[in-house]
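Here's the structure, in structure tokens; my notes come after.
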Amino acid sequence: MSVTRYRTALVVIARDEAPRIARLLDSARAWVDEMLVLDTGSRDETARIARAHGARVEHFAWCDDFSAARNHALALAPADWHLVLDADEWLMTGGETLQALRATPPDFVGAVQLRDRFDPSPGQQAEAITWLSRVLPGSVRYAGLVHEQPQHNLSVRRLPLVVGHDGYVAERLAHKRGRNRQLLEQALAQSPEDAYLCYQLGKDCAVYDEHSAAEAAFERASGLPGAAAAPWWLDLVARRLFVLKCLGRHADAVDFAQTQMEAGSESPDFFFALGDLLLDLAATRPEQAGELLPMAEAAWRRCLELGERPDQVGAVAGRGSFLAAHNLAVVLEGTDRATEAAALRAAHPWP
């Protein structure tokens, strides 16, 4: 009796990614049947390096439409399963899962855990975690000029695939600045009621510390139908609390946080942002510190109670452990509880 073998292809669109493309291809090559790189106008050695590391390279005239490029690449790589990654990503773990797809009918969409590395401050690096649909049956295609989404009515399964991404570290951010903003604004002009696009615009502004523009986008998203039920909602909440704090709009941030206490009750990222907000407010209103510091302390203790929650969209590693413990220890040390602070640091060491 013959057994059906399903083909799997890695599909990538890339431009000027010579320093990174080999890392991606080398991480995936053993686990897929084919690797296709669609070059959208590189002026460096991307195409040559991709070929040298086992990929078939095709070319596409960039037209300010990510879906058009993705869909062209997918059409050029006929397979039962498509693994869709970007050149600044790489497969960290889970290759065996890809191998198992060769015996798995393509009747669902697979979500991978994406670990976004970023620089919260000079000399520090952190990771945010999100889940993205990147393992697609061969017939699925994308829609959207930017932050494009696969279109389907299939069930989505979270797979034990972990993908690294370093496109948000400081060096890469400077290179990318403005790349997506125009497309996001163009897409919003066409679909002004799209809360997801507003959220993405807010994120794009926030990573460049454009806090006023970020808050305008987050506020707009928050008022649109369906936003509060979206899987990315708690990530928006935490980000919005941060930008409101940076803008000095503490009262607005506290009011917004109060409306989200139920939604964020199981989110260490929500309580981390709340503690950060309350500590900053205590610094600006020292006469209220006696009331505000215990509230900040309670927020960070709640983070530690909840622990790490990598299952939640936008979760930042450490907010349920060492980052919360560090902030809580600072408050303890400032309120003459050095012994307790030392024990806390020992229990939750910085990695």
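Chain labels run A, B, ... following the order of the structure tokens; each chain numbers its residues from 1, and ligands are numbered from 1 in the order shown.
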
Inset, instruction - List every residue of range 111-297 of chain A that DSSP, applied to the backbone, labels as strand (DSSP E or B), and write the result as a count of residues only. - result: 39

List as a PDB file with N, CA, C and O atoms, in the first residue's frame the protein and nucleic acid residues near Val109 in chain A, meaning an atom at most 6 Å away when only C-alpha atoms are counted, but skip any in the same chain fewer than 5 places from it.
ATOM      1  N   VAL A 135       2.862  28.343   8.316  1.00  0.00           N
ATOM      2  CA  VAL A 135       2.899  27.035   7.658  1.00  0.00           C
ATOM      3  C   VAL A 135       1.556  26.870   6.954  1.00  0.00           C
ATOM      4  O   VAL A 135       0.519  26.667   7.595  1.00  0.00           O
ATOM      5  N   LEU A 136       1.574  26.979   5.628  1.00  0.00           N
ATOM      6  CA  LEU A 136       0.340  27.124   4.866  1.00  0.00           C
ATOM      7  C   LEU A 136       0.154  25.983   3.872  1.00  0.00           C
ATOM      8  O   LEU A 136       1.114  25.581   3.199  1.00  0.00           O
ATOM      9  N   VAL A 156      -6.517  26.705  12.697  1.00  0.00           N
ATOM     10  CA  VAL A 156      -5.118  27.084  12.923  1.00  0.00           C
ATOM     11  C   VAL A 156      -4.596  26.295  14.115  1.00  0.00           C
ATOM     12  O   VAL A 156      -5.190  26.304  15.190  1.00  0.00           O
TER      13      VAL A 156
END

Inset, instruction - Determine which residues of range 45-264 of chain A DSSP labels as helix (DSSP H, G or I) from the backbone of this structure, then write them out as a PyMOL selection string. - result: chain A and resi 46-52+66-76+95-103+170-176+181-190+195-207+211-222+227-229+233-246+250-259

Inset, instruction - Would you list the contacts of range 263-271 of chain A as a list of chain:residue names, taking every protein, DNA or RNA residue within 6 Å and counting only C-alpha atoms, but skipping same-chain residues closer than 3 positions in sequence? - result: A:Ala238, A:Gln260, A:Leu274, A:Ala299, A:Cys303, A:Arg319, A:Gly320

Legend entry - Given only C-alpha atoms as the counted atoms, nearest of A:Arg70, A:Thr259, A:Tyr142, A:Ser133 to Ser155 in chain A: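 Checking each candidate against Ser155 in chain A, we get A:Ser133 as the closest.
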
Legend entry - Nearest residue to Tyr196 in chain A from the set A:Arg157, A:Arg141, A:His147, A:Arg134 (distances using only C-alpha atoms):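 The closest residue to Tyr196 in chain A is A:His147.
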
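Of note, CA of Trp232 in chain A and CA of Val313 in chain A are spaced 5.9 Å apart.
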
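Taking CA of Glu287 in chain A and CA of Phe242 in chain A as endpoints, the distance between them is 22.5 Å.
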
Contacts of Gly290 in chain A at 12 Å (only C-alpha atoms; same-chain gap of 4+ positions) as a compact mmCIF listing (two decimals) with N, CA, C and O atoms, in the first residue's frame:
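part-v8.txt, written as the output of this step:
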# COMPACT_ATOMS: atom_id res chain seq x y z
N LEU A 278 2.78 53.08 37.25
CA LEU A 278 2.57 53.57 38.61
C LEU A 278 3.87 54.07 39.24
O LEU A 278 3.87 55.07 39.98
N LEU A 279 4.98 53.41 38.95
CA LEU A 279 6.26 53.87 39.47
C LEU A 279 6.62 55.23 38.89
O LEU A 279 7.09 56.13 39.60
N LEU A 281 4.54 57.43 37.76
CA LEU A 281 3.61 58.41 38.34
C LEU A 281 4.05 58.80 39.74
O LEU A 281 3.99 59.98 40.12
N ALA A 282 4.54 57.82 40.52
CA ALA A 282 5.04 58.13 41.87
C ALA A 282 6.23 59.07 41.82
O ALA A 282 6.40 59.94 42.69
N ALA A 283 7.08 58.92 40.79
CA ALA A 283 8.24 59.80 40.65
C ALA A 283 7.82 61.22 40.32
O ALA A 283 8.49 62.18 40.73
N ARG A 285 4.83 62.50 41.19
CA ARG A 285 3.97 62.98 42.27
C ARG A 285 4.46 62.38 43.60
O ARG A 285 3.83 61.48 44.16
N PRO A 286 5.59 62.84 44.08
CA PRO A 286 6.16 62.23 45.29
C PRO A 286 5.23 62.28 46.50
O PRO A 286 5.33 61.43 47.39
N PRO A 294 3.05 50.94 46.75
CA PRO A 294 2.48 49.62 47.05
C PRO A 294 1.66 49.05 45.89
O PRO A 294 1.62 47.83 45.69
N MET A 295 1.03 49.93 45.11
CA MET A 295 0.26 49.47 43.96
C MET A 295 1.19 48.94 42.86
O MET A 295 0.92 47.90 42.23
N ALA A 296 2.31 49.64 42.65
CA ALA A 296 3.30 49.16 41.68
C ALA A 296 3.88 47.82 42.14
O ALA A 296 4.06 46.89 41.35
N GLU A 297 4.18 47.74 43.44
CA GLU A 297 4.70 46.50 43.99
C GLU A 297 3.73 45.36 43.78
O GLU A 297 4.12 44.25 43.37
N VAL A 331 12.11 48.66 44.20
CA VAL A 331 11.16 49.25 45.13
C VAL A 331 11.45 48.77 46.55
O VAL A 331 11.42 49.57 47.51
N GLY A 334 14.38 50.53 47.95
CA GLY A 334 14.08 51.92 48.25
C GLY A 334 13.18 52.11 49.44
O GLY A 334 12.97 53.24 49.90
N THR A 335 12.62 51.01 49.93
CA THR A 335 11.74 51.09 51.10
C THR A 335 12.30 50.22 52.25
O THR A 335 11.54 49.63 53.02

Legend entry - Straight-line distance linking CA of Glu291 in chain A with CA of Leu323 in chain A, stated in Å to one decimal: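 Pair CA of Glu291 in chain A / CA of Leu323 in chain A returns 22.6 Å.
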
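Of the listed residues A:Leu159, A:Leu197, A:Ala143, A:Leu344, the one whose atoms come nearest to Ser67 in chain A is A:Ala143, with distances taken using only C-alpha atoms.
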
Inset, instruction - Rank A:Glu148, A:Glu215, A:Glu193, A:Glu210 by their smallest atom-to-atom distance to Val84 in chain A, using only C-alpha atoms, and report the top residue only. - result: A:Glu148

Residue neighbourhood range 10-27 of chain A, 6 Å, only C-alpha atoms, exclusion window fewer than 3 positions, as a short mmCIF file (atom, residue, chain, number, x, y, z; two decimals) with N, CA, C and O atoms, in the first residue's frame:
data_model
loop_
_atom_site.label_atom_id
_atom_site.label_comp_id
_atom_site.auth_asym_id
_atom_site.auth_seq_id
_atom_site.Cartn_x
_atom_site.Cartn_y
_atom_site.Cartn_z
N MET A 35 13.72 25.14 -1.46
CA MET A 35 13.80 26.49 -0.92
C MET A 35 13.78 27.46 -2.09
O MET A 35 14.60 27.36 -3.02
N LEU A 36 12.83 28.38 -2.06
CA LEU A 36 12.73 29.39 -3.10
C LEU A 36 12.90 30.78 -2.49
O LEU A 36 12.23 31.12 -1.51
N VAL A 37 13.80 31.56 -3.05
CA VAL A 37 13.99 32.96 -2.66
C VAL A 37 13.56 33.83 -3.83
O VAL A 37 14.10 33.70 -4.93
N LEU A 38 12.59 34.69 -3.58
CA LEU A 38 12.15 35.65 -4.59
C LEU A 38 12.84 36.98 -4.29
O LEU A 38 12.53 37.64 -3.30
N ASP A 39 13.78 37.36 -5.12
CA ASP A 39 14.53 38.60 -4.93
C ASP A 39 13.73 39.76 -5.52
O ASP A 39 13.35 39.74 -6.69
N THR A 40 13.48 40.77 -4.69
CA THR A 40 12.63 41.88 -5.12
C THR A 40 13.43 43.14 -5.48
O THR A 40 12.90 44.24 -5.43
N GLY A 41 14.70 42.95 -5.86
CA GLY A 41 15.48 44.10 -6.32
C GLY A 41 16.76 44.34 -5.55
O GLY A 41 17.17 45.49 -5.36
N SER A 42 17.43 43.28 -5.13
CA SER A 42 18.66 43.44 -4.34
C SER A 42 19.76 44.11 -5.16
O SER A 42 19.92 43.86 -6.36
N ASP A 44 22.82 43.92 -3.57
CA ASP A 44 23.97 43.27 -2.95
C ASP A 44 24.06 41.82 -3.43
O ASP A 44 23.55 41.48 -4.49
N GLU A 45 24.69 40.97 -2.64
CA GLU A 45 24.95 39.59 -3.05
C GLU A 45 23.87 38.61 -2.59
O GLU A 45 24.12 37.40 -2.54
N THR A 46 22.68 39.09 -2.28
CA THR A 46 21.62 38.22 -1.78
C THR A 46 21.38 37.02 -2.69
O THR A 46 21.35 35.87 -2.24
N HIS A 82 3.68 25.15 2.42
CA HIS A 82 4.63 26.25 2.29
C HIS A 82 5.02 26.74 3.69
O HIS A 82 4.14 27.05 4.51
N LEU A 83 6.30 26.81 3.95
CA LEU A 83 6.83 27.47 5.13
C LEU A 83 7.26 28.87 4.70
O LEU A 83 8.19 29.00 3.88
N VAL A 84 6.59 29.90 5.21
CA VAL A 84 6.84 31.27 4.77
C VAL A 84 7.64 31.99 5.86
O VAL A 84 7.15 32.24 6.96
N LEU A 85 8.89 32.32 5.53
CA LEU A 85 9.75 33.05 6.46
C LEU A 85 10.38 34.24 5.75
O LEU A 85 10.40 34.31 4.52
N ASP A 86 10.90 35.18 6.55
CA ASP A 86 11.59 36.34 6.02
C ASP A 86 13.10 36.14 6.19
O ASP A 86 13.56 35.34 7.00
N ALA A 87 13.86 36.93 5.45
CA ALA A 87 15.31 36.75 5.44
C ALA A 87 15.96 37.08 6.77
O ALA A 87 17.06 36.59 7.06
N ASP A 88 15.33 37.91 7.60
CA ASP A 88 15.90 38.22 8.91
C ASP A 88 15.34 37.31 10.00
O ASP A 88 15.40 37.63 11.18
N TRP A 90 15.03 32.94 11.21
CA TRP A 90 15.69 31.65 11.05
C TRP A 90 15.00 30.64 11.95
O TRP A 90 14.38 31.00 12.95
N LEU A 91 15.07 29.38 11.55
CA LEU A 91 14.47 28.30 12.33
C LEU A 91 15.37 27.97 13.51
O LEU A 91 16.52 27.59 13.35
#
